[in-house]
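First comes the structure, then the notes that go with it.
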Amino acid sequence: MSQLYRRILEKIRGRKTSTVVLILLPILFFFVSLFVGRYQIPPSMVIMTLISKILPIAHSYNIPKPIEITIIQVRLPRAIAAALVGATLALSGTSFQALFRNPLVSSQILGVASGAGFGAALALLLSGDLAVVQISAFGFGIAAVVMSYAISRVHKETPVLTLVLAGMVVGALFSALTSLVKYVADPYERLPSIVFWLMGSLAGVSFKELSWSFIPMIASCILIVMIRWRLNVLSLGEEEAKALGVDIEKMRVLVISCCTLMTSAAVAIAGVIGWVGLVIPHVCRMLVGPDHKVLVPASISVGAAYILAVDTVARVVSTVEIPLGILTAIIGAPFFFYLLRRERLGWR
Amino acid sequence: MRVVDLHFSYPNGKEVIKGVSFEVKSGDIFCILGPNGCGKTTLLKCLCGILKPTKGSIFLDNVDANLMSKAEYAKNVAYLPQEHRSVFPYRTIDFVVMGRAPHLGMFSTPSDKDYRIAEEALKEVGAYHLKDRLYVELSGGEKQLVLIARALAQQPKILLLDEPTSQLDLKNQAIVLRILSGLAQRGLIVIMTTHFPTHAFLHSNKVGLMMAGRFLAVGGPEQVITEENLKKAYGVDVKILSVKSPIDEGFVKMCIPTEVILARRCLCRFEHMEEDAGQEGS
């Protein structure tokens with residue numbers, strides 16, 4: 001069994017096969033998530049609906065309105081959101097692990113999630129309008145990281161250790177503030193919505209919400225992909241990167257800003273979803289090795305596929321939807337333990 | 001490379017380098033000697049751009065280093081740390097190709113040509129067979145060779161090494177020093193710190209003896225490494241022995257602290273006593 005596993009792994013590690021698999025995987029899950037759901041629609045109908053949106057010829061087919069709404073306005077934006085959220089969380093995890101030279105770091109390290117969580121909770125307490133909640137989550141997520149960075153700036157330089165400590169401080173502060181908001185919230189109306197939001201879910205994502213978070217997410221993804229090889233050099237450590245002529249202060253600001261932008265946007269549309277930024281980079285390192293030239297695209301692809309799959313499970317498996325954040329933790333924690341036991345996780 | 005009156009202080013105000021000046025030419029191997037904590041490593045870090053000197057200038061081919069960009073400077077000067085701790089298990093070739101960083105733009109990834117340069121560098125240090133191994137799994141000697149290869153992939157004019165031989169066994173020391181001599185013959189400037197005055201005698205044509213942030217003496221090994229100077233720098237009595245080389249006509253010079261000779265004498269006497277005691281017992 002373990003030999004078979006090893007052979008499969010060897011196969012995947014071969015350059016060409018892995019490229020094909022990694023490209024096809026998220027596309028496959030994307031379509032799967034369009035085809036399945038509580039509201040059963042025959043596959044042919046799904047295909048017709050999709051085609052009718054692209055090609056004018058198919059208009060002659062009569063597609064029932066509820067089916068069109070389900071696919072185009074419910075499942076499609078949700079699938080896109082899942083792919084984006086998964087890709088960005090995994091990618092920011094990979095980038096942060098390289099930047100901080102620590103494989104146990106995830107995108108939450110500088111307090112993004114706590115900040116965004118507080119922003120959302122506050123907005124839910126005060127207004128309850130979904131748009132306000134998202135903007136507030138986005139804003140506070142960025143504010144938290146800016147605070148961490150500002151606190152850690154000593155002598156015009158930012159040592160990594162101080163940065164991580166500052167992130168912990170800021171994270172703790174925002175967690176406390178979130179608790180305060182929960183404490184004063186009306187326990188019958190406001191409190192449940194805050195709690196649900198903090199659990200993380202993609203239910204009710206529409207194109208309107210996607211439209212504004214789409215740009216920061218895609219733009220920062222592209223930037224990280226472009227500088228991905230520099231992450232290798234950064235992961236050598238501050239001094240060696242400097243000796244190799246890399247302007248590490250500039251690079252660090254760039255990477256942190258990109259990761260913060262996309263994580264904040266992801267948290268704003270999906271709530272707090274843990275474990276993705278930690279587990280997926282490790283899985284990818286097992287698959288393609290630690291070279292960021294390949295690891296970065298692989299993280300995007302596997303992250304997207306993972307959240308697409310988990311979200312599909314979350315909405316199909318029971319009549320009441322399971323919050324996504326809970327599922328990722330339930331799957332992520334034991335899987336991480338399994339990884340710890342069986343392989344070196346691609347680092348030591 | 002010309003260094004003029006270099007000063008460096010840490011942010012807490014402690015001055016570690018207190019005015020260092022020297023000049024090295026293409027083909028030189030410049031050994032920096034000095035007791036622990038005298039500022040050797042700090043000096044190297046200033047020379048390679050990790051630390052910014054508080055005062056003084058570095059000139060490369062008469063161009064002030066302050067006027068160069070970081071990448072531009074790194075194209076000329078490569079630095080080898082005492083030890084590299086890798087977090088991620090990169091393949092050796094991927095590790096060596098990182099030496100190409102100063103030659104590549106921020107948004108580019110290494111091309112086939114860069115990989116070829118990295119492979120050439122590995123061949124030059126005789127470590128080509130390690131190409132696909134993981135860097136973290138290599139032995140200490142192999143790691144040192146790969147680090148040199150990474151520096152060579154930088155295609156620098158100056159190579160700075162921080163105690164390149166201190167972690168190595170006898171054979172690997174010889175290999176590394178042979179490679180460095182070869183590089184100097186090819187026209188590179190090699191600047192290294194070391195704890196062994198004997199190595200400085202054997203392999204360098206220029207020596208700087210450092211003490212408390214300053215050069216006590218700079219010049220050829222014969223002039224700098226004297227019993228008097230070593231006594232001043234290290235605070236111990238040292239004997240310099242001149243041994244006739246068994247291979248060629250020349251002489252080989254070696255340094256041995258007097259205390260070591262004395263300690264050895266004690267040890268010998270102790271051994272004799274043990275032998276005597278053994279004979280009595282039987």
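Each chain in the structure tokens gets a letter, A, B, ..., in the order shown, and its residues are numbered from 1; ligands are numbered from 1 in order too.
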Per residue of region 58-91 of chain A within 12 Å of region 213-230 of chain A, record the nearest atom pair and its distance in Å to one decimal, counting only C-alpha atoms, with rows in chain order and ascending residue number, as a Markdown table.
| residue | atom | partner | partner_atom | distance |
| --- | --- | --- | --- | --- |
| A:Pro77 | CA | A:Phe214 | CA | 11.1 |
| A:Ile80 | CA | A:Phe214 | CA | 9.6 |
| A:Ala81 | CA | A:Phe214 | CA | 8.7 |
| A:Ala82 | CA | A:Phe214 | CA | 11.9 |
| A:Ala83 | CA | A:Met217 | CA | 11.2 |
| A:Leu84 | CA | A:Met217 | CA | 7.4 |
| A:Val85 | CA | A:Met217 | CA | 8.6 |
| A:Gly86 | CA | A:Met217 | CA | 11.1 |
| A:Ala87 | CA | A:Cys221 | CA | 8.5 |
| A:Thr88 | CA | A:Met217 | CA | 6.9 |
| A:Leu89 | CA | A:Met217 | CA | 10.1 |
| A:Ala90 | CA | A:Cys221 | CA | 10.7 |
| A:Leu91 | CA | A:Cys221 | CA | 7.7 |
Dump of C-alpha atoms for the selected residues, as a short mmCIF file (atom, residue, chain, number, x, y, z; two decimals), in the first residue's frame:
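Contents of selection10.cif, freshly written:
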data_model
loop_
_atom_site.label_atom_id
_atom_site.label_comp_id
_atom_site.auth_asym_id
_atom_site.auth_seq_id
_atom_site.Cartn_x
_atom_site.Cartn_y
_atom_site.Cartn_z
CA PRO A 77 -20.55 32.94 -8.12
CA ILE A 80 -15.77 31.30 -8.38
CA ALA A 81 -15.60 32.60 -4.82
CA ALA A 82 -14.54 29.18 -3.51
CA ALA A 83 -11.76 28.93 -6.07
CA LEU A 84 -10.54 32.45 -5.34
CA VAL A 85 -10.68 32.08 -1.57
CA GLY A 86 -8.88 28.73 -1.65
CA ALA A 87 -6.22 29.96 -4.05
CA THR A 88 -5.50 33.17 -2.15
CA LEU A 89 -5.43 31.59 1.32
CA ALA A 90 -3.07 28.83 0.16
CA LEU A 91 -0.88 31.24 -1.78
#
message: Using only C-alpha atoms, I'd like every residue of chain B that has an atom within 6 Å of chain A; please write them out as a list in words.
response: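 Close enough to count are Ile50, Lys70, Ala71, Ala74, Phe88, Pro89, Tyr90, Pro102, Phe107 and Thr109 of chain B.
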- request: Check the smallest atom-to-atom distance from each of A:Arg38, A:Thr17, A:Thr162, A:Leu22 to Val316 (chain A) using only C-alpha atoms, then report the winner.
  value: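 When distances to Val316 (chain A) are compared using only C-alpha atoms, the smallest one comes from A:Arg38.
For the pair CA of Val310 (chain A) and CA of Thr328 (chain A), the separation is 7.1 Å.
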Neighbour list for Leu145 (chain B) as a VMD selection string, cut-off 7 Å, only C-alpha atoms, skip fewer than 3 positions in-chain: chain B and resid 125 127 141 to 142 148 to 149
- prompt: Quick one: DSSP helix (DSSP H, G or I) residues in region 170-348 of chain A, as a PyMOL selection string?
  reply: chain A and resi 170-184+190-199+207-226+228-234+238-243+248-270+276-288+292-316+324-342
Might you pull out every residue within 8 Å of Ile58 (chain B), with only C-alpha atoms counted and same-chain residues fewer than 3 positions away left off, and present them as a PDB file with C-alpha atoms, in the first residue's frame?
ATOM      1  CA  MET B   1      39.001  46.847  -4.324  1.00  0.00           C
ATOM      2  CA  ARG B   2      40.045  49.660  -2.094  1.00  0.00           C
ATOM      3  CA  VAL B   3      38.682  50.246   1.391  1.00  0.00           C
ATOM      4  CA  VAL B   4      39.238  53.593   2.991  1.00  0.00           C
ATOM      5  CA  LEU B   6      35.860  52.047   7.263  1.00  0.00           C
ATOM      6  CA  LEU B  47      32.283  44.545   2.719  1.00  0.00           C
ATOM      7  CA  ASP B  64      32.311  54.292  -4.932  1.00  0.00           C
ATOM      8  CA  ALA B  65      30.106  51.408  -3.746  1.00  0.00           C
ATOM      9  CA  ASN B  66      27.623  53.898  -2.303  1.00  0.00           C
TER      10      ASN B  66
END
- prompt: Suppose you want the space between CA of Ala151 (chain B) and CA of Arg214 (chain B); what is it in Å?
  reply: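 CA of Arg214 (chain B) lies at a distance of 27.4 Å from CA of Ala151 (chain B).
Across the structure, CA of Ser166 (chain B) and CA of Thr193 (chain B) are spaced 9.8 Å apart.
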- prompt: Skipping near chain neighbours, those fewer than 4 positions away, what residues fall within 12 Å of Lys171 (chain B) using only C-alpha atoms, listed as JSON, numbers by chain?
  reply: {"B": [140, 141, 142, 165, 167, 175, 176, 177, 178]}
message: as a list in words, please: the residues near Gly204 (chain A) (cut-off 10 Å, only C-alpha atoms, same-chain neighbours under 4 positions excluded).
response: Gln73, Val74, Arg75, Pro77, Arg78, Glu209, Ile269 and Ala270 of chain A
field: Neighbour list for Ile135 (chain A) as a PyMOL selection string, cut-off 12 Å, only C-alpha atoms, skip fewer than 6 positions in-chain
entry: chain A and resi 116-124+128-129+141-142+209+212-213+264-269
Those residues with N, CA and C atoms, as an mmCIF file, in the first residue's frame please?
data_model
loop_
_atom_site.group_PDB
_atom_site.id
_atom_site.type_symbol
_atom_site.label_atom_id
_atom_site.label_comp_id
_atom_site.auth_asym_id
_atom_site.auth_seq_id
_atom_site.Cartn_x
_atom_site.Cartn_y
_atom_site.Cartn_z
ATOM 1 N N ALA A 116 -9.920 41.217 10.648
ATOM 2 C CA ALA A 116 -11.097 41.132 9.780
ATOM 3 C C ALA A 116 -12.298 40.607 10.563
ATOM 4 N N GLY A 117 -12.056 39.641 11.435
ATOM 5 C CA GLY A 117 -13.135 39.096 12.260
ATOM 6 C C GLY A 117 -13.772 40.179 13.116
ATOM 7 N N PHE A 118 -12.924 41.003 13.708
ATOM 8 C CA PHE A 118 -13.444 42.100 14.526
ATOM 9 C C PHE A 118 -14.229 43.095 13.678
ATOM 10 N N GLY A 119 -13.667 43.421 12.510
ATOM 11 C CA GLY A 119 -14.351 44.359 11.616
ATOM 12 C C GLY A 119 -15.743 43.871 11.266
ATOM 13 N N ALA A 120 -15.832 42.581 10.934
ATOM 14 C CA ALA A 120 -17.134 42.018 10.562
ATOM 15 C C ALA A 120 -18.081 42.019 11.751
ATOM 16 N N ALA A 121 -17.563 41.613 12.915
ATOM 17 C CA ALA A 121 -18.412 41.552 14.105
ATOM 18 C C ALA A 121 -18.963 42.932 14.440
ATOM 19 N N LEU A 122 -18.093 43.925 14.363
ATOM 20 C CA LEU A 122 -18.507 45.288 14.671
ATOM 21 C C LEU A 122 -19.596 45.761 13.711
ATOM 22 N N ALA A 123 -19.386 45.488 12.419
ATOM 23 C CA ALA A 123 -20.359 45.907 11.418
ATOM 24 C C ALA A 123 -21.686 45.174 11.609
ATOM 25 N N LEU A 124 -21.601 43.891 11.955
ATOM 26 C CA LEU A 124 -22.822 43.124 12.195
ATOM 27 C C LEU A 124 -23.573 43.676 13.397
ATOM 28 N N GLY A 128 -25.457 45.456 10.110
ATOM 29 C CA GLY A 128 -26.022 44.215 9.616
ATOM 30 C C GLY A 128 -26.116 44.143 8.112
ATOM 31 N N ASP A 129 -25.840 45.259 7.451
ATOM 32 C CA ASP A 129 -25.848 45.247 5.996
ATOM 33 C C ASP A 129 -24.615 44.497 5.499
ATOM 34 N N GLY A 141 -8.943 44.076 8.537
ATOM 35 C CA GLY A 141 -7.897 43.084 8.244
ATOM 36 C C GLY A 141 -6.599 43.774 7.855
ATOM 37 N N ILE A 142 -6.718 44.755 6.968
ATOM 38 C CA ILE A 142 -5.530 45.490 6.539
ATOM 39 C C ILE A 142 -4.979 46.316 7.695
ATOM 40 N N GLU A 209 -20.845 40.930 -4.623
ATOM 41 C CA GLU A 209 -19.739 40.892 -3.653
ATOM 42 C C GLU A 209 -18.420 40.522 -4.312
ATOM 43 N N TRP A 212 -16.147 43.445 -6.311
ATOM 44 C CA TRP A 212 -15.137 44.346 -5.758
ATOM 45 C C TRP A 212 -13.943 43.618 -5.164
ATOM 46 N N SER A 213 -14.146 42.375 -4.668
ATOM 47 C CA SER A 213 -13.004 41.668 -4.082
ATOM 48 C C SER A 213 -12.167 40.971 -5.150
ATOM 49 N N SER A 264 -7.424 39.549 3.257
ATOM 50 C CA SER A 264 -8.530 40.372 3.750
ATOM 51 C C SER A 264 -9.755 40.234 2.855
ATOM 52 N N ALA A 265 -9.513 40.255 1.550
ATOM 53 C CA ALA A 265 -10.634 40.099 0.619
ATOM 54 C C ALA A 265 -11.284 38.736 0.790
ATOM 55 N N ALA A 266 -10.445 37.704 0.973
ATOM 56 C CA ALA A 266 -10.989 36.351 1.150
ATOM 57 C C ALA A 266 -11.799 36.259 2.433
ATOM 58 N N VAL A 267 -11.256 36.804 3.510
ATOM 59 C CA VAL A 267 -11.974 36.763 4.788
ATOM 60 C C VAL A 267 -13.263 37.575 4.680
ATOM 61 N N ALA A 268 -13.206 38.675 3.946
ATOM 62 C CA ALA A 268 -14.395 39.509 3.824
ATOM 63 C C ALA A 268 -15.538 38.782 3.125
ATOM 64 N N ILE A 269 -15.244 37.975 2.114
ATOM 65 C CA ILE A 269 -16.369 37.290 1.465
ATOM 66 C C ILE A 269 -16.697 35.946 2.091
#
message: as a ChimeraX atom specification, please: every residue in region 16-150 of chain B that a backbone DSSP assignment puts in strand (DSSP E).
response: /B:16-23,29-33,55-60,63-64,77-80
